[in-house]
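Undergrad: Quick one: the structure is below, questions incoming.
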Amino acid sequence: MKKTNISLVTFAVIIKVLNHFVSPIFFDVGPDSSGTGLSILLLAIALLNHLRKNNNCTNRCLK
């Protein structure tokens, strides 16, 4: 897994934890959909990068 994908997944997890645990406990604010959407978007980008990398390798190896 590339460093970019690891960073994206790390940021997604941090945003998810902040949105669902830290904000409600310390700031008395409920989780909002923008934090969840952003974390899902980052995970989707990491997944697509990973699939694209594996697909290119598979196509090269088969030729």
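By order in the structure tokens, chains are A, B, ...; within a chain, residues start at 1; ligands start at 1, following the order shown.
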For the structure I just gave you, how does DSSP split chain A - specifically, which residues are alpha helix (DSSP H)? Reply as a ChimeraX atom specification.
TA: /A:3-17,23-26,33-62
Undergrad: What's the 12 Å shell around Lys3 of chain A, counting only C-alpha atoms, without same-chain residues fewer than 3 positions away, as a list in words?
TA: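 Surrounding residues, per the criterion: Ile6, Ser7, Leu8, Val9, Thr10, Ala46, Asn49 and His50 of chain A.
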Undergrad: How far is it from atom CA of Leu42 of chain A to atom CA of Ser23 of chain A, in Å with one decimal?
TA: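 These atoms are spaced 20.0 Å apart.
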Undergrad: Within 12 Å of Ile14 of chain A, counting only C-alpha atoms, which residues qualify if same-chain residues fewer than 2 places away don't, as a count of residues only?
TA: 20
Undergrad: Rounded to one decimal place, report the atom CA of Val13 of chain A-atom CA of Arg52 of chain A distance in Å.
TA: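 These atoms are spaced 22.0 Å apart.
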Undergrad: Between A:Asn5, A:Asp28, A:Ser33, A:Ile15, single out the one closest to Ile45 of chain A, counting only C-alpha atoms.
TA: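 The shortest atom-to-atom distance to Ile45 of chain A comes from A:Asn5.
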Undergrad: In Å, how far is it from atom CA of Gly37 of chain A to atom CA of Asn54 of chain A?
TA: 25.7 Å
